[in-house]
Amino acid sequence: PAQPMRFAFLGTGGSYPSRERMTQAFAARYRGDVILFDCGEGTQRQMMLSSLSFMSVKTIAITHFHGDHFLGLAGLVQTMQLNDRRDPIEILVPKGTAGFAEAFLELGHFRLKKFEARVRELGDGERAQYDGYSITAASLNHPVPTIGFRFEEDAKAGRFDPARAKELGVPEGPLFSKLQDGHPVEGGKGKVHPEDVMGPRRNGHAFCYLTDTAPTPRAVEVSKGADVLIMEATADDALTEFANRYGHCAASQTAATAKEAGVGELYLVHLSARYKESDPIESQARSVFPKSKVPKDLEEVELPWG
């Protein structure tokens, strides 16, 4: 049976590590692939403490090149080589920033020899396609080039209608499977095509990862209808103006994005180190969007996707 989707909130703090939270890193395991979103300082250690293997990371998606989002990248890649990784890895970055990633990967006397790291720039709306899912970039509102990401499963086949198949003279058994696999079969009343017995294609599940950003219509657009939104809430509402000035959101602004986009649930991340507890950010967000939660570092969530 397929593995469920698993989320791991590896680091949920912003700017610099605190006793409560490491800097930003979020991982998702979909089927056999682990996708890492941001790679703040200490990410590889956090992965070792989680249920997800750092050696299984297929793609690393970096939102921008402020230190709390990428300073763990060089160490992670070097450790992968020390553990004899052979599979290539893809690193998604904003337009115009590939040079930062490429230089950082070969710091000091280290050289990548055993596997290839392919750095790929994504502009607003550009999509990277993988086996069974895609990752789309969206430009965000931050002082440096910054993108958020939408992960989306490929559309799924429509539901099979066995009663209709029998009506058309197709006996239950192997021919049912053949139709569901997309092949026409001979029925008692002539040729039966998959579209005769399959409902309309269904959209796959989706989640969005958006940080760092001040409020922007683009955040709403890219997260429209997503099952889950993981988005920054750097400050509580008392510091809204201060947060916005530096390209960040306060709690109620993040929740308003989730509400307007019609997402299923919201996880708030990238909390300033000034917050030792998740309140007041969580309570302020819930007053706007009830399905809001501030996860703890190393918290994991399982979803019946895949």
# chains A, B, ... in the order shown; residues from 1 in each chain; ligands from 1
>>> select_by_dssp(residues="region 61-297 of chain A", states="strand (DSSP E or B)", output="PyMOL selection string")
chain A and resi 61+89-94+117-122+127-130+133-139+141+147-153+156+160+185-187+190-192+198+202+206-210+214+228-232+235+250+265-269+271+292-293
>>> select_by_dssp(residues="region 54-300 of chain A", states="alpha helix (DSSP H)", output="PyMOL selection string")
chain A and resi 67-70+73-82+98-105+162-167+174-180+194-197+217-223+240-245+251-261+281-288
>>> residues_around(residues="Gln284 (chain A)", least_positions_apart="5", cutoff="10 Å", atoms="only C-alpha atoms", output="list of chain:residue names")
A:Asp236, A:Asp237, A:Ala250, A:Ala251, A:Ser252, A:Gln253, A:Thr254, A:Ala255, A:Asp279, A:Phe289, A:Pro290, A:Ser292
>>> write_last_selection(atoms="all heavy atoms", output="short mmCIF file (atom, residue, chain, number, x, y, z; two decimals), in the first residue's frame")
data_model
loop_
_atom_site.label_atom_id
_atom_site.label_comp_id
_atom_site.auth_asym_id
_atom_site.auth_seq_id
_atom_site.Cartn_x
_atom_site.Cartn_y
_atom_site.Cartn_z
N ASP A 236 3.07 38.88 16.36
CA ASP A 236 1.66 38.96 16.76
C ASP A 236 1.09 40.29 16.24
O ASP A 236 1.82 41.15 15.73
CB ASP A 236 1.52 38.83 18.27
CG ASP A 236 2.06 40.03 19.01
OD1 ASP A 236 1.29 40.97 19.25
OD2 ASP A 236 3.28 40.02 19.33
N ASP A 237 -0.21 40.46 16.38
CA ASP A 237 -0.89 41.59 15.75
C ASP A 237 -0.43 42.95 16.28
O ASP A 237 -0.52 43.97 15.58
CB ASP A 237 -2.41 41.46 15.91
CG ASP A 237 -2.98 40.30 15.12
OD1 ASP A 237 -2.24 39.72 14.29
OD2 ASP A 237 -4.15 39.95 15.34
N ALA A 250 1.93 39.46 10.20
CA ALA A 250 1.49 39.22 11.57
C ALA A 250 0.40 38.16 11.53
O ALA A 250 -0.16 37.83 10.48
CB ALA A 250 1.00 40.50 12.20
N ALA A 251 0.07 37.62 12.70
CA ALA A 251 -0.79 36.43 12.81
C ALA A 251 -2.12 36.55 12.07
O ALA A 251 -2.49 35.68 11.28
CB ALA A 251 -1.04 36.12 14.28
N SER A 252 -2.86 37.63 12.30
CA SER A 252 -4.18 37.76 11.68
C SER A 252 -4.08 37.93 10.17
O SER A 252 -4.99 37.53 9.43
CB SER A 252 -4.94 38.95 12.29
OG SER A 252 -5.30 38.66 13.62
N GLN A 253 -2.99 38.52 9.69
CA GLN A 253 -2.79 38.66 8.24
C GLN A 253 -2.57 37.30 7.59
O GLN A 253 -3.10 37.02 6.50
CB GLN A 253 -1.60 39.58 7.97
CG GLN A 253 -1.84 41.01 8.42
CD GLN A 253 -0.62 41.89 8.22
OE1 GLN A 253 0.53 41.49 8.48
NE2 GLN A 253 -0.84 43.10 7.74
N THR A 254 -1.81 36.46 8.25
CA THR A 254 -1.59 35.10 7.73
C THR A 254 -2.91 34.34 7.70
O THR A 254 -3.24 33.68 6.71
CB THR A 254 -0.57 34.36 8.61
OG1 THR A 254 0.64 35.12 8.66
CG2 THR A 254 -0.27 32.97 8.07
N ALA A 255 -3.67 34.44 8.77
CA ALA A 255 -4.96 33.75 8.85
C ALA A 255 -5.94 34.29 7.81
O ALA A 255 -6.73 33.52 7.23
CB ALA A 255 -5.54 33.92 10.25
N ASP A 279 1.31 31.22 21.84
CA ASP A 279 0.38 32.34 22.01
C ASP A 279 1.20 33.62 22.10
O ASP A 279 2.32 33.58 22.57
CB ASP A 279 -0.44 32.15 23.29
CG ASP A 279 -1.79 31.52 23.00
OD1 ASP A 279 -2.19 31.53 21.83
OD2 ASP A 279 -2.43 31.04 23.95
N PHE A 289 -9.23 32.49 11.41
CA PHE A 289 -9.31 31.22 10.68
C PHE A 289 -9.18 30.10 11.72
O PHE A 289 -8.07 29.80 12.18
CB PHE A 289 -8.20 31.14 9.63
CG PHE A 289 -8.29 29.93 8.73
CD1 PHE A 289 -9.20 29.88 7.69
CD2 PHE A 289 -7.44 28.84 8.93
CE1 PHE A 289 -9.28 28.77 6.85
CE2 PHE A 289 -7.51 27.72 8.11
CZ PHE A 289 -8.44 27.69 7.06
N PRO A 290 -10.29 29.50 12.14
CA PRO A 290 -10.27 28.56 13.28
C PRO A 290 -9.31 27.37 13.12
O PRO A 290 -8.75 26.90 14.12
CB PRO A 290 -11.72 28.09 13.38
CG PRO A 290 -12.52 29.22 12.79
CD PRO A 290 -11.66 29.78 11.69
N SER A 292 -6.29 26.91 12.56
CA SER A 292 -4.91 27.43 12.58
C SER A 292 -4.14 26.76 13.71
O SER A 292 -4.68 26.54 14.80
CB SER A 292 -4.91 28.94 12.80
OG SER A 292 -5.56 29.62 11.76
#
>>> residues_around(residues="Ala233 (chain A)", least_positions_apart="2", cutoff="6 Å", atoms="only C-alpha atoms", output="list in words")
Ala235, Cys249, Ala250, Ala251, Leu268, Val269 and Leu271 of chain A
>>> write_last_selection(atoms="all heavy atoms", output="PDB file, in the first residue's frame")
ATOM      1  N   ALA A 235       5.177  37.727  13.591  1.00  0.00           N
ATOM      2  CA  ALA A 235       4.857  38.538  14.764  1.00  0.00           C
ATOM      3  C   ALA A 235       3.387  38.412  15.148  1.00  0.00           C
ATOM      4  O   ALA A 235       2.571  37.929  14.359  1.00  0.00           O
ATOM      5  CB  ALA A 235       5.191  40.001  14.482  1.00  0.00           C
ATOM      6  N   CYS A 249       4.557  38.921   7.786  1.00  0.00           N
ATOM      7  CA  CYS A 249       3.148  38.969   8.178  1.00  0.00           C
ATOM      8  C   CYS A 249       3.001  38.854   9.688  1.00  0.00           C
ATOM      9  O   CYS A 249       3.793  38.195  10.351  1.00  0.00           O
ATOM     10  CB  CYS A 249       2.385  37.790   7.563  1.00  0.00           C
ATOM     11  SG  CYS A 249       1.982  37.982   5.818  1.00  0.00           S
ATOM     12  N   ALA A 250       1.933  39.464  10.199  1.00  0.00           N
ATOM     13  CA  ALA A 250       1.492  39.218  11.568  1.00  0.00           C
ATOM     14  C   ALA A 250       0.395  38.160  11.531  1.00  0.00           C
ATOM     15  O   ALA A 250      -0.157  37.834  10.477  1.00  0.00           O
ATOM     16  CB  ALA A 250       0.998  40.502  12.204  1.00  0.00           C
ATOM     17  N   ALA A 251       0.069  37.621  12.699  1.00  0.00           N
ATOM     18  CA  ALA A 251      -0.785  36.428  12.808  1.00  0.00           C
ATOM     19  C   ALA A 251      -2.116  36.551  12.068  1.00  0.00           C
ATOM     20  O   ALA A 251      -2.495  35.678  11.277  1.00  0.00           O
ATOM     21  CB  ALA A 251      -1.036  36.120  14.279  1.00  0.00           C
ATOM     22  N   LEU A 268       1.183  27.868  11.100  1.00  0.00           N
ATOM     23  CA  LEU A 268       1.933  29.118  11.148  1.00  0.00           C
ATOM     24  C   LEU A 268       3.363  28.846  11.593  1.00  0.00           C
ATOM     25  O   LEU A 268       3.590  28.213  12.636  1.00  0.00           O
ATOM     26  CB  LEU A 268       1.258  30.102  12.103  1.00  0.00           C
ATOM     27  CG  LEU A 268      -0.200  30.429  11.760  1.00  0.00           C
ATOM     28  CD1 LEU A 268      -1.140  29.765  12.760  1.00  0.00           C
ATOM     29  CD2 LEU A 268      -0.443  31.923  11.745  1.00  0.00           C
ATOM     30  N   VAL A 269       4.332  29.322  10.812  1.00  0.00           N
ATOM     31  CA  VAL A 269       5.749  29.066  11.084  1.00  0.00           C
ATOM     32  C   VAL A 269       6.525  30.387  11.014  1.00  0.00           C
ATOM     33  O   VAL A 269       5.950  31.447  10.827  1.00  0.00           O
ATOM     34  CB  VAL A 269       6.328  28.039  10.082  1.00  0.00           C
ATOM     35  CG1 VAL A 269       5.647  26.682  10.245  1.00  0.00           C
ATOM     36  CG2 VAL A 269       6.193  28.525   8.644  1.00  0.00           C
ATOM     37  N   LEU A 271       8.213  31.958  13.422  1.00  0.00           N
ATOM     38  CA  LEU A 271       7.951  32.846  14.555  1.00  0.00           C
ATOM     39  C   LEU A 271       9.244  33.526  14.999  1.00  0.00           C
ATOM     40  O   LEU A 271      10.303  32.878  15.052  1.00  0.00           O
ATOM     41  CB  LEU A 271       7.370  32.060  15.738  1.00  0.00           C
ATOM     42  CG  LEU A 271       5.851  31.841  15.738  1.00  0.00           C
ATOM     43  CD1 LEU A 271       5.417  30.979  14.556  1.00  0.00           C
ATOM     44  CD2 LEU A 271       5.424  31.197  17.054  1.00  0.00           C
TER      45      LEU A 271
END
>>> closest_atom_pairs(of="region 167-253 of chain A", to="region 114-127 of chain A", cutoff="12 Å", atoms="only C-alpha atoms", output="tab-separated table")
residue	atom	partner	partner_atom	distance
A:Arg218	CA	A:Asp124	CA	9.5
A:Ala219	CA	A:Asp124	CA	11.5
A:Glu221	CA	A:Gly125	CA	10.6
A:Val222	CA	A:Gly125	CA	8.7
>>> closest_atom_pairs(of="region 181-215 of chain A", to="region 156-160 of chain A", cutoff="8 Å", atoms="only C-alpha atoms", output="CSV")
residue,atom,partner,partner_atom,distance
A:Val197,CA,A:Phe160,CA,6.0
A:Met198,CA,A:Phe160,CA,4.6
A:Gly199,CA,A:Gly158,CA,4.3
A:Pro200,CA,A:Gly158,CA,4.7
A:Arg201,CA,A:Gly158,CA,4.3
A:Arg202,CA,A:Lys156,CA,5.1
A:Asn203,CA,A:Lys156,CA,6.2
A:Gly204,CA,A:Lys156,CA,6.2
>>> residues_around(residues="Gly32 (chain A)", least_positions_apart="2", cutoff="12 Å", atoms="only C-alpha atoms", output="list in words")
Ala2, Gln3, Pro4, Met5, Arg6, Ala28, Arg29, Tyr30, Val34, Ile35, Leu52, Ser53, Met55, Ser56, Val57, Lys58, Thr59, Tyr130, Asp131, Gly132 and Gly306 of chain A
>>> closest_residue(among="A:Asp33, A:Glu90, A:Glu153, A:Glu172", to="Ala61 (chain A)", atoms="only C-alpha atoms")
A:Glu90
>>> atom_distance(atom1="CA of Glu302 (chain A)", atom2="CA of Ala8 (chain A)")
9.0 Å
>>> decode(residues="region 102-240 of chain A", atoms="C-alpha atoms", output="PDB file, in the first residue's frame")
ATOM      1  CA  GLU A 102      26.405  26.988  -6.417  1.00  0.00           C
ATOM      2  CA  ALA A 103      29.073  28.927  -4.492  1.00  0.00           C
ATOM      3  CA  PHE A 104      27.732  27.789  -1.117  1.00  0.00           C
ATOM      4  CA  LEU A 105      27.788  24.105  -2.138  1.00  0.00           C
ATOM      5  CA  GLU A 106      31.584  24.160  -2.573  1.00  0.00           C
ATOM      6  CA  LEU A 107      32.695  26.157   0.448  1.00  0.00           C
ATOM      7  CA  GLY A 108      36.179  25.567   1.811  1.00  0.00           C
ATOM      8  CA  HIS A 109      38.071  22.580   0.424  1.00  0.00           C
ATOM      9  CA  PHE A 110      34.889  20.581  -0.282  1.00  0.00           C
ATOM     10  CA  ARG A 111      34.057  19.515  -3.842  1.00  0.00           C
ATOM     11  CA  LEU A 112      30.994  17.576  -4.964  1.00  0.00           C
ATOM     12  CA  LYS A 113      32.316  14.389  -6.584  1.00  0.00           C
ATOM     13  CA  LYS A 114      29.983  11.483  -5.847  1.00  0.00           C
ATOM     14  CA  PHE A 115      26.628  12.958  -6.923  1.00  0.00           C
ATOM     15  CA  GLU A 116      25.317  15.904  -8.875  1.00  0.00           C
ATOM     16  CA  ALA A 117      23.517  18.901  -7.356  1.00  0.00           C
ATOM     17  CA  ARG A 118      21.441  20.567 -10.071  1.00  0.00           C
ATOM     18  CA  VAL A 119      20.481  24.137  -9.225  1.00  0.00           C
ATOM     19  CA  ARG A 120      17.344  25.277 -11.041  1.00  0.00           C
ATOM     20  CA  GLU A 121      15.896  28.775 -10.996  1.00  0.00           C
ATOM     21  CA  LEU A 122      12.116  29.208 -10.948  1.00  0.00           C
ATOM     22  CA  GLY A 123      10.285  32.426 -11.756  1.00  0.00           C
ATOM     23  CA  ASP A 124       6.754  33.360 -10.795  1.00  0.00           C
ATOM     24  CA  GLY A 125       4.330  30.707 -12.047  1.00  0.00           C
ATOM     25  CA  GLU A 126       7.038  28.350 -13.309  1.00  0.00           C
ATOM     26  CA  ARG A 127       6.592  24.670 -12.491  1.00  0.00           C
ATOM     27  CA  ALA A 128       8.924  21.746 -11.842  1.00  0.00           C
ATOM     28  CA  GLN A 129       7.277  18.434 -12.747  1.00  0.00           C
ATOM     29  CA  TYR A 130       8.115  15.190 -10.948  1.00  0.00           C
ATOM     30  CA  ASP A 131       6.716  11.660 -10.894  1.00  0.00           C
ATOM     31  CA  GLY A 132       3.110  12.092  -9.794  1.00  0.00           C
ATOM     32  CA  TYR A 133       3.325  15.710  -8.565  1.00  0.00           C
ATOM     33  CA  SER A 134       4.549  19.196  -9.402  1.00  0.00           C
ATOM     34  CA  ILE A 135       6.046  22.154  -7.514  1.00  0.00           C
ATOM     35  CA  THR A 136       5.062  25.642  -8.708  1.00  0.00           C
ATOM     36  CA  ALA A 137       6.766  28.889  -7.673  1.00  0.00           C
ATOM     37  CA  ALA A 138       5.046  32.163  -6.735  1.00  0.00           C
ATOM     38  CA  SER A 139       6.758  35.513  -6.196  1.00  0.00           C
ATOM     39  CA  LEU A 140       6.297  36.859  -2.672  1.00  0.00           C
ATOM     40  CA  ASN A 141       6.531  40.299  -1.050  1.00  0.00           C
ATOM     41  CA  HIS A 142       9.966  40.427   0.614  1.00  0.00           C
ATOM     42  CA  PRO A 143      12.960  42.799   0.214  1.00  0.00           C
ATOM     43  CA  VAL A 144      15.054  40.188  -1.674  1.00  0.00           C
ATOM     44  CA  PRO A 145      14.012  37.800  -4.501  1.00  0.00           C
ATOM     45  CA  THR A 146      11.701  35.320  -2.743  1.00  0.00           C
ATOM     46  CA  ILE A 147       9.364  32.591  -3.932  1.00  0.00           C
ATOM     47  CA  GLY A 148       6.772  30.429  -2.233  1.00  0.00           C
ATOM     48  CA  PHE A 149       5.879  26.941  -3.423  1.00  0.00           C
ATOM     49  CA  ARG A 150       2.712  24.994  -4.230  1.00  0.00           C
ATOM     50  CA  PHE A 151       3.028  21.200  -4.164  1.00  0.00           C
ATOM     51  CA  GLU A 152       0.244  19.503  -6.118  1.00  0.00           C
ATOM     52  CA  GLU A 153      -0.507  15.895  -6.925  1.00  0.00           C
ATOM     53  CA  ASP A 154      -1.227  15.158 -10.585  1.00  0.00           C
ATOM     54  CA  ALA A 155      -4.937  14.957 -11.442  1.00  0.00           C
ATOM     55  CA  LYS A 156      -6.398  11.525 -10.781  1.00  0.00           C
ATOM     56  CA  ALA A 157      -8.603   9.365 -12.972  1.00  0.00           C
ATOM     57  CA  GLY A 158     -12.341   9.710 -12.460  1.00  0.00           C
ATOM     58  CA  ARG A 159     -14.256   7.185 -10.395  1.00  0.00           C
ATOM     59  CA  PHE A 160     -15.115   3.894 -12.104  1.00  0.00           C
ATOM     60  CA  ASP A 161     -18.844   3.137 -12.472  1.00  0.00           C
ATOM     61  CA  PRO A 162     -19.222  -0.680 -12.298  1.00  0.00           C
ATOM     62  CA  ALA A 163     -22.999  -0.575 -12.811  1.00  0.00           C
ATOM     63  CA  ARG A 164     -22.577   1.349 -16.057  1.00  0.00           C
ATOM     64  CA  ALA A 165     -19.900  -1.110 -17.244  1.00  0.00           C
ATOM     65  CA  LYS A 166     -22.254  -4.038 -16.639  1.00  0.00           C
ATOM     66  CA  GLU A 167     -25.041  -2.207 -18.494  1.00  0.00           C
ATOM     67  CA  LEU A 168     -22.707  -2.006 -21.491  1.00  0.00           C
ATOM     68  CA  GLY A 169     -22.094  -5.752 -21.322  1.00  0.00           C
ATOM     69  CA  VAL A 170     -18.669  -5.805 -19.633  1.00  0.00           C
ATOM     70  CA  PRO A 171     -18.413  -8.734 -17.190  1.00  0.00           C
ATOM     71  CA  GLU A 172     -16.870  -8.110 -13.760  1.00  0.00           C
ATOM     72  CA  GLY A 173     -13.227  -9.198 -13.554  1.00  0.00           C
ATOM     73  CA  PRO A 174     -10.091  -8.472 -15.601  1.00  0.00           C
ATOM     74  CA  LEU A 175     -11.944  -6.296 -18.127  1.00  0.00           C
ATOM     75  CA  PHE A 176     -12.979  -3.930 -15.320  1.00  0.00           C
ATOM     76  CA  SER A 177      -9.282  -3.470 -14.460  1.00  0.00           C
ATOM     77  CA  LYS A 178      -8.398  -2.913 -18.108  1.00  0.00           C
ATOM     78  CA  LEU A 179     -10.952  -0.109 -18.401  1.00  0.00           C
ATOM     79  CA  GLN A 180      -9.660   1.522 -15.208  1.00  0.00           C
ATOM     80  CA  ASP A 181      -6.131   1.384 -16.661  1.00  0.00           C
ATOM     81  CA  GLY A 182      -7.328   3.370 -19.672  1.00  0.00           C
ATOM     82  CA  HIS A 183      -7.806   0.644 -22.286  1.00  0.00           C
ATOM     83  CA  PRO A 184     -10.966  -0.013 -24.356  1.00  0.00           C
ATOM     84  CA  VAL A 185     -12.516  -3.509 -24.149  1.00  0.00           C
ATOM     85  CA  GLU A 186     -15.137  -5.529 -26.011  1.00  0.00           C
ATOM     86  CA  GLY A 187     -18.457  -5.580 -24.193  1.00  0.00           C
ATOM     87  CA  GLY A 188     -21.631  -7.499 -24.971  1.00  0.00           C
ATOM     88  CA  LYS A 189     -22.904  -4.476 -26.873  1.00  0.00           C
ATOM     89  CA  GLY A 190     -19.745  -3.570 -28.784  1.00  0.00           C
ATOM     90  CA  LYS A 191     -16.543  -1.704 -27.889  1.00  0.00           C
ATOM     91  CA  VAL A 192     -16.535   0.067 -24.517  1.00  0.00           C
ATOM     92  CA  HIS A 193     -14.110   2.972 -23.952  1.00  0.00           C
ATOM     93  CA  PRO A 194     -12.778   4.125 -20.555  1.00  0.00           C
ATOM     94  CA  GLU A 195     -14.591   7.466 -20.888  1.00  0.00           C
ATOM     95  CA  ASP A 196     -17.893   5.536 -21.118  1.00  0.00           C
ATOM     96  CA  VAL A 197     -17.525   4.239 -17.557  1.00  0.00           C
ATOM     97  CA  MET A 198     -15.171   6.679 -15.787  1.00  0.00           C
ATOM     98  CA  GLY A 199     -16.256   9.927 -14.120  1.00  0.00           C
ATOM     99  CA  PRO A 200     -14.448  13.257 -14.688  1.00  0.00           C
ATOM    100  CA  ARG A 201     -10.802  13.530 -13.638  1.00  0.00           C
ATOM    101  CA  ARG A 202     -10.284  14.715 -10.065  1.00  0.00           C
ATOM    102  CA  ASN A 203      -7.764  17.272  -8.844  1.00  0.00           C
ATOM    103  CA  GLY A 204      -5.021  15.930  -6.605  1.00  0.00           C
ATOM    104  CA  HIS A 205      -4.235  17.135  -3.092  1.00  0.00           C
ATOM    105  CA  ALA A 206      -2.150  20.290  -2.661  1.00  0.00           C
ATOM    106  CA  PHE A 207      -0.238  22.210  -0.014  1.00  0.00           C
ATOM    107  CA  CYS A 208       1.563  25.559  -0.088  1.00  0.00           C
ATOM    108  CA  TYR A 209       4.677  26.730   1.701  1.00  0.00           C
ATOM    109  CA  LEU A 210       4.919  30.537   1.810  1.00  0.00           C
ATOM    110  CA  THR A 211       7.674  32.394   3.668  1.00  0.00           C
ATOM    111  CA  ASP A 212       8.986  35.113   3.927  1.00  0.00           C
ATOM    112  CA  THR A 213       6.376  37.634   2.839  1.00  0.00           C
ATOM    113  CA  ALA A 214       4.277  40.605   3.783  1.00  0.00           C
ATOM    114  CA  PRO A 215       0.618  40.280   2.743  1.00  0.00           C
ATOM    115  CA  THR A 216       0.268  39.943  -1.034  1.00  0.00           C
ATOM    116  CA  PRO A 217      -2.535  38.896  -3.408  1.00  0.00           C
ATOM    117  CA  ARG A 218      -0.105  36.378  -4.922  1.00  0.00           C
ATOM    118  CA  ALA A 219      -0.113  34.382  -1.666  1.00  0.00           C
ATOM    119  CA  VAL A 220      -3.884  34.028  -1.897  1.00  0.00           C
ATOM    120  CA  GLU A 221      -3.781  33.118  -5.598  1.00  0.00           C
ATOM    121  CA  VAL A 222      -1.177  30.372  -5.306  1.00  0.00           C
ATOM    122  CA  SER A 223      -2.781  28.771  -2.255  1.00  0.00           C
ATOM    123  CA  LYS A 224      -6.382  28.809  -3.590  1.00  0.00           C
ATOM    124  CA  GLY A 225      -8.166  25.638  -2.495  1.00  0.00           C
ATOM    125  CA  ALA A 226      -5.049  23.955  -1.085  1.00  0.00           C
ATOM    126  CA  ASP A 227      -5.641  21.294   1.566  1.00  0.00           C
ATOM    127  CA  VAL A 228      -2.902  22.767   3.764  1.00  0.00           C
ATOM    128  CA  LEU A 229      -1.147  26.130   3.936  1.00  0.00           C
ATOM    129  CA  ILE A 230       2.179  26.442   5.773  1.00  0.00           C
ATOM    130  CA  MET A 231       2.858  30.167   6.037  1.00  0.00           C
ATOM    131  CA  GLU A 232       4.919  32.581   8.047  1.00  0.00           C
ATOM    132  CA  ALA A 233       3.560  34.580  10.980  1.00  0.00           C
ATOM    133  CA  THR A 234       6.663  36.333  12.247  1.00  0.00           C
ATOM    134  CA  ALA A 235       4.857  38.538  14.764  1.00  0.00           C
ATOM    135  CA  ASP A 236       1.659  38.962  16.756  1.00  0.00           C
ATOM    136  CA  ASP A 237      -0.886  41.593  15.749  1.00  0.00           C
ATOM    137  CA  ALA A 238       0.545  44.283  18.060  1.00  0.00           C
ATOM    138  CA  LEU A 239       3.626  44.350  15.805  1.00  0.00           C
ATOM    139  CA  THR A 240       1.797  44.273  12.462  1.00  0.00           C
TER     140      THR A 240
END
